[in-house]
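**Student:** Pasting final-v2.csv here (CSV, C-alpha atoms):
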```
chain,number,residue,atom,x,y,z
A,1,ASP,CA,-64.4,-12.1,-7.4
A,2,THR,CA,-66.6,-14.4,-5.4
A,3,GLY,CA,-66.4,-12.4,-2.1
A,4,VAL,CA,-68.9,-10.0,-0.6
A,5,SER,CA,-69.5,-7.0,-2.9
A,6,GLN,CA,-71.1,-3.6,-2.2
A,7,ASP,CA,-72.4,-0.9,-4.4
A,8,PRO,CA,-71.7,2.0,-4.7
A,9,ARG,CA,-68.3,2.2,-3.2
A,10,HIS,CA,-68.6,5.9,-2.7
A,11,LYS,CA,-71.7,8.1,-2.3
A,12,ILE,CA,-71.8,11.9,-1.8
A,13,THR,CA,-75.2,13.4,-1.1
A,14,LYS,CA,-76.7,16.5,0.3
A,15,ARG,CA,-78.3,16.7,3.6
A,16,GLY,CA,-82.0,15.7,3.4
A,17,GLN,CA,-81.6,13.3,0.5
A,18,ASN,CA,-82.3,9.6,0.5
A,19,VAL,CA,-79.7,7.1,-0.3
A,20,THR,CA,-79.7,3.3,-0.9
A,21,PHE,CA,-76.8,0.9,-0.7
A,22,ARG,CA,-76.6,-2.7,-1.9
A,23,CYS,CA,-74.8,-5.7,-0.6
A,24,ASP,CA,-74.3,-9.0,-2.4
A,25,PRO,CA,-73.1,-11.7,0.0
A,26,ILE,CA,-71.1,-14.8,-0.8
A,27,SER,CA,-73.6,-17.0,-2.7
A,28,GLU,CA,-74.1,-19.8,-0.2
A,29,HIS,CA,-74.1,-17.5,2.9
A,30,ASN,CA,-77.5,-16.9,4.3
A,31,ARG,CA,-76.5,-14.7,7.2
A,32,LEU,CA,-75.9,-11.1,6.3
A,33,TYR,CA,-74.8,-8.3,8.6
A,34,TRP,CA,-74.7,-4.5,8.3
A,35,TYR,CA,-72.1,-2.5,10.3
A,36,ARG,CA,-71.3,1.2,10.3
A,37,GLN,CA,-67.7,2.5,10.8
A,38,THR,CA,-66.9,6.1,11.5
A,39,LEU,CA,-63.4,7.5,11.1
A,40,GLY,CA,-61.0,6.1,13.8
A,41,GLN,CA,-63.5,3.8,15.3
A,42,GLY,CA,-64.3,0.1,15.0
A,43,PRO,CA,-67.3,-1.2,13.1
A,44,GLU,CA,-70.7,-0.9,15.0
A,45,PHE,CA,-73.4,-3.5,14.4
A,46,LEU,CA,-76.6,-2.2,12.8
A,47,THR,CA,-78.7,-5.2,11.9
A,48,TYR,CA,-78.6,-8.8,10.5
A,49,PHE,CA,-80.6,-11.1,8.4
A,50,GLN,CA,-80.9,-14.9,8.2
A,51,ASN,CA,-82.3,-15.5,4.7
A,52,GLU,CA,-85.0,-12.8,4.3
A,53,ALA,CA,-85.8,-12.4,8.0
A,54,GLN,CA,-84.4,-9.4,9.8
A,55,LEU,CA,-83.6,-10.9,13.2
A,56,GLU,CA,-82.0,-8.0,15.2
A,57,LYS,CA,-81.7,-4.3,14.9
A,58,SER,CA,-79.4,-2.1,16.9
A,59,ARG,CA,-80.6,1.0,18.7
A,60,LEU,CA,-78.2,2.8,16.4
A,61,LEU,CA,-80.7,2.1,13.6
A,62,SER,CA,-83.0,5.1,13.8
A,63,ASP,CA,-86.4,5.3,12.0
A,64,ARG,CA,-84.7,6.9,9.1
A,65,PHE,CA,-82.8,3.6,8.4
A,66,SER,CA,-84.4,0.6,6.8
A,67,ALA,CA,-82.8,-2.6,5.6
A,68,GLU,CA,-84.3,-5.3,3.4
A,69,ARG,CA,-83.3,-8.7,2.0
A,70,PRO,CA,-86.4,-9.6,0.0
A,71,LYS,CA,-85.3,-12.9,-1.5
A,72,GLY,CA,-82.7,-13.9,0.9
A,73,SER,CA,-79.9,-13.0,-1.4
A,74,PHE,CA,-78.8,-9.4,-1.8
A,75,SER,CA,-79.7,-6.7,0.8
A,76,THR,CA,-80.3,-3.0,0.6
A,77,LEU,CA,-79.8,-0.4,3.3
A,78,GLU,CA,-81.7,2.8,2.8
A,79,ILE,CA,-81.2,6.1,4.7
A,80,GLN,CA,-83.9,8.6,4.5
A,81,ARG,CA,-83.5,12.4,5.1
A,82,THR,CA,-79.7,12.0,5.5
A,83,GLU,CA,-77.9,14.0,8.1
A,84,GLN,CA,-74.2,15.0,8.3
A,85,GLY,CA,-73.9,12.5,11.2
A,86,ASP,CA,-74.7,9.7,8.8
A,87,SER,CA,-71.4,10.2,7.1
A,88,ALA,CA,-69.5,6.9,7.6
A,89,MET,CA,-68.4,3.7,6.0
A,90,TYR,CA,-71.2,1.2,5.7
A,91,LEU,CA,-69.9,-2.4,5.8
A,92,CYS,CA,-71.7,-5.5,4.9
A,93,ALA,CA,-70.6,-9.0,6.0
A,94,SER,CA,-71.9,-12.5,5.4
A,95,SER,CA,-71.5,-15.9,6.9
A,96,LEU,CA,-73.0,-19.4,7.0
A,97,PRO,CA,-75.4,-20.0,10.0
A,98,SER,CA,-73.3,-23.0,11.0
A,99,THR,CA,-70.1,-20.8,11.1
A,100,ILE,CA,-71.4,-17.4,12.3
A,101,TRP,CA,-68.0,-16.5,13.6
A,102,SER,CA,-66.4,-16.5,10.1
A,103,GLN,CA,-67.8,-13.2,8.8
A,104,TYR,CA,-66.4,-12.0,5.5
A,105,PHE,CA,-66.6,-8.3,5.0
A,106,GLY,CA,-67.3,-6.4,1.8
A,107,PRO,CA,-65.3,-3.4,0.7
A,108,GLY,CA,-67.9,-1.0,2.2
A,109,THR,CA,-69.8,2.0,0.9
A,110,ARG,CA,-68.3,5.4,2.0
A,111,LEU,CA,-71.1,7.9,2.5
A,112,THR,CA,-70.4,11.6,2.7
A,113,VAL,CA,-73.3,13.9,3.6
A,114,LEU,CA,-72.7,17.5,2.8
B,115,GLY,CA,-74.4,-3.0,27.7
B,116,GLU,CA,-71.9,-4.9,25.7
B,117,ASN,CA,-68.6,-3.2,25.4
B,118,VAL,CA,-65.0,-3.9,24.2
B,119,GLU,CA,-62.1,-1.7,25.2
B,120,GLN,CA,-58.9,-1.8,23.2
B,121,HIS,CA,-55.4,-0.5,24.1
B,122,PRO,CA,-53.3,1.1,23.0
B,123,SER,CA,-54.9,3.3,20.3
B,124,THR,CA,-51.5,3.7,18.5
B,125,LEU,CA,-48.4,1.6,18.6
B,126,SER,CA,-45.1,2.2,17.0
B,127,VAL,CA,-42.4,-0.5,16.9
B,128,GLN,CA,-39.1,-1.1,15.1
B,129,GLU,CA,-39.1,-3.9,12.5
B,130,GLY,CA,-38.3,-7.2,14.1
B,131,ASP,CA,-39.7,-6.2,17.5
B,132,SER,CA,-42.9,-7.6,19.0
B,133,ALA,CA,-46.2,-5.9,19.3
B,134,VAL,CA,-48.9,-6.5,21.8
B,135,ILE,CA,-52.5,-5.2,21.7
B,136,LYS,CA,-54.9,-5.8,24.6
B,137,CYS,CA,-58.7,-5.9,24.8
B,138,THR,CA,-61.2,-6.3,27.6
B,139,TYR,CA,-64.9,-7.2,27.2
B,140,SER,CA,-67.9,-6.7,29.4
B,141,ASP,CA,-70.2,-9.6,28.5
B,142,SER,CA,-69.2,-12.6,30.4
B,143,ALA,CA,-71.3,-14.8,28.0
B,144,SER,CA,-69.0,-13.8,25.1
B,145,ASN,CA,-67.5,-17.0,23.6
B,146,TYR,CA,-65.7,-16.0,20.4
B,147,PHE,CA,-63.0,-13.4,19.9
B,148,PRO,CA,-61.7,-12.6,16.5
B,149,TRP,CA,-59.0,-10.1,15.4
B,150,TYR,CA,-59.3,-8.1,12.2
B,151,LYS,CA,-56.6,-6.2,10.3
B,152,GLN,CA,-57.7,-3.3,8.2
B,153,GLU,CA,-55.4,-1.5,5.8
B,154,LEU,CA,-56.2,2.0,4.7
B,155,GLY,CA,-59.3,2.1,2.5
B,156,LYS,CA,-59.7,-1.7,2.6
B,157,ARG,CA,-62.1,-4.1,4.2
B,158,PRO,CA,-61.4,-5.7,7.6
B,159,GLN,CA,-59.8,-9.1,7.2
B,160,LEU,CA,-59.9,-11.8,9.8
B,161,ILE,CA,-56.4,-12.7,10.8
B,162,ILE,CA,-56.9,-15.0,13.9
B,163,ASP,CA,-59.6,-15.9,16.3
B,164,ILE,CA,-60.0,-17.8,19.6
B,165,ARG,CA,-62.9,-19.5,21.3
B,166,SER,CA,-63.7,-19.5,25.0
B,167,ASN,CA,-62.6,-23.0,25.5
B,168,VAL,CA,-59.1,-22.3,24.4
B,169,GLY,CA,-56.5,-20.2,26.3
B,170,GLU,CA,-54.0,-19.6,23.5
B,171,LYS,CA,-53.8,-20.0,19.7
B,172,LYS,CA,-50.9,-19.4,17.4
B,173,ASP,CA,-50.5,-19.0,13.7
B,174,GLN,CA,-47.0,-18.3,12.5
B,175,ARG,CA,-46.0,-14.9,13.8
B,176,ILE,CA,-49.4,-14.1,15.3
B,177,ALA,CA,-50.8,-15.4,18.6
B,178,VAL,CA,-53.9,-14.7,20.7
B,179,THR,CA,-54.3,-15.3,24.4
B,180,LEU,CA,-57.6,-15.4,26.3
B,181,ASN,CA,-58.2,-15.0,30.0
B,182,LYS,CA,-61.9,-15.6,30.6
B,183,THR,CA,-61.7,-15.0,34.3
B,184,ALA,CA,-60.3,-11.5,33.8
B,185,LYS,CA,-62.4,-11.0,30.6
B,186,HIS,CA,-59.4,-10.0,28.5
B,187,PHE,CA,-57.6,-11.2,25.4
B,188,SER,CA,-54.5,-10.1,23.6
B,189,LEU,CA,-52.9,-10.1,20.2
B,190,HIS,CA,-49.2,-10.8,19.9
B,191,ILE,CA,-47.2,-10.2,16.7
B,192,THR,CA,-43.6,-11.3,16.7
B,193,GLU,CA,-40.8,-10.3,14.3
B,194,THR,CA,-42.9,-7.5,13.0
B,195,GLN,CA,-42.5,-6.4,9.4
B,196,PRO,CA,-43.4,-3.1,7.6
B,197,GLU,CA,-46.4,-4.9,5.9
B,198,ASP,CA,-47.9,-5.5,9.4
B,199,SER,CA,-48.6,-1.8,9.6
B,200,ALA,CA,-52.4,-1.4,9.7
B,201,VAL,CA,-55.3,-0.8,12.0
B,202,TYR,CA,-56.1,-3.9,14.2
B,203,PHE,CA,-59.5,-4.4,15.7
B,204,CYS,CA,-60.5,-6.9,18.4
B,205,ALA,CA,-64.1,-8.1,18.7
B,206,ALA,CA,-66.2,-10.2,20.9
B,207,MET,CA,-69.3,-12.3,20.0
B,208,GLY,CA,-71.9,-12.8,22.6
B,209,SER,CA,-73.8,-16.0,23.4
B,210,GLY,CA,-76.9,-17.0,21.5
B,211,ASN,CA,-76.9,-17.3,17.8
B,212,THR,CA,-76.9,-13.8,16.5
B,213,GLY,CA,-73.3,-13.6,15.2
B,214,LYS,CA,-73.2,-9.9,16.3
B,215,LEU,CA,-69.7,-8.7,16.8
B,216,ILE,CA,-68.8,-6.0,19.2
B,217,PHE,CA,-65.6,-4.3,18.1
B,218,GLY,CA,-62.9,-2.4,20.0
B,219,GLN,CA,-61.9,1.1,19.0
B,220,GLY,CA,-58.8,-0.1,17.0
B,221,THR,CA,-55.1,0.1,17.3
B,222,THR,CA,-53.0,1.8,14.6
B,223,LEU,CA,-49.7,-0.2,14.4
B,224,GLN,CA,-46.8,1.4,12.7
B,225,VAL,CA,-43.7,-0.8,12.0
B,226,LYS,CA,-40.7,1.3,11.2
B,227,PRO,CA,-38.1,-0.3,8.8
```
Now, as a test, write the supplied structure out as structure tokens.
**Tutor:**
Amino acid sequence: DTGVSQDPRHKITKRGQNVTFRCDPISEHNRLYWYRQTLGQGPEFLTYFQNEAQLEKSRLLSDRFSAERPKGSFSTLEIQRTEQGDSAMYLCASSLPSTIWSQYFGPGTRLTVL
Amino acid sequence: GENVEQHPSTLSVQEGDSAVIKCTYSDSASNYFPWYKQELGKRPQLIIDIRSNVGEKKDQRIAVTLNKTAKHFSLHITETQPEDSAVYFCAAMGSGNTGKLIFGQGTTLQVKP
């Protein structure tokens, strides 16, 4: 499968724990986006990278959230001191900078905070 | 701030009927409007899109119309089939070069056989 991949697909954690998710974009795509989707809602933009540079962060991304893309390839999203309100599907998407409108989504990581 | 409103939240039609989903957006600088289909437990998939310099675009049974003056756009599905049942999201992309998509709340379409 040469599409966007995410790992893990499901994560159950206890409140207060830290979690880290990984996204592997399509290989030639240097734009990478993170979105969060709660039940019954549309995806909400969190942040995006062009290569290794994080160019925009949503106000939704509190200080407990951090994202990295150290070598401009895969990206990680870490949530520290998880809260029950963090329970959601975390989606990653990628695109070429020349075709930013064609965003391909990964399968998502479903986070459940108990 | 940027906002996209989508209606209706649920839509039930008989197989073979048409379905229409409508969205309005707030950022007049938005210039790209994709529609995504999301089946239960799966990733959103792009089904059709339209740019601000086009009023209508059609792809087989699916069409999208855009009214920039009124800041609204619509998805039309004709001859609906049970496999069209899913959640549909509209989105708008602002000006600049971020690629950030603002999504609507989604419409759950049920096509009854």
**Student:** What is the distance, in Å and to one decimal place, between atom CA of B:Cys137 and atom CA of B:Pro122?
**Tutor:** 9.0 Å
**Student:** For chain B, list the residues within 12 Å of chain A, counting all atoms listed in the file, and write the list as a PyMOL selection string.
**Tutor:** chain B and resi 115-120+123-124+144-165+201-222
**Student:** Here is a test: counting only C-alpha atoms, which residue of A:Gln17, A:Ser27, A:Ser66, A:Gln54 is nearest to A:Ser5?
**Tutor:**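 Answer, going by the shortest atom-to-atom distance: A:Ser27.
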**Student:** By how many Å are atom CA of A:His10 and atom CA of A:Thr112 apart?
**Tutor:** 8.1 Å
**Student:** Extract, using all atoms listed in the file, all DNA, RNA and protein residues at most 12 Å from A:Asp63, discarding same-chain residues fewer than 6 positions from it, and format them as a list in words.
**Tutor:**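 What passes the distance filter is Lys57, Glu78, Ile79, Gln80, Arg81 and Thr82 of chain A.
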**Student:** How many Å separate atom CA of A:Arg9 from atom CA of A:Asn51?
**Tutor:**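 Atom-to-atom, atom CA of A:Arg9 and atom CA of A:Asn51 are spaced 23.9 Å apart.
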**Student:** Given all atoms listed in the file as the basis, pick out the residue of A:Asn30, A:Gln6, A:Asn18, A:Thr13 nearest to A:Gly72.
**Tutor:** A:Asn30
**Student:** Which residue out of B:His121, B:Glu129, B:Lys172, B:Ala143 has the minimum interatomic distance to B:Glu197 when only C-alpha atoms are used?
**Tutor:** B:Glu129
**Student:** Considering only C-alpha atoms, can you say which of A:Phe21, A:Gln37, A:Lys11, A:Glu28 comes closest to A:Phe65?
**Tutor:**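 Residue with the minimum atom-to-atom distance to A:Phe65: A:Phe21.
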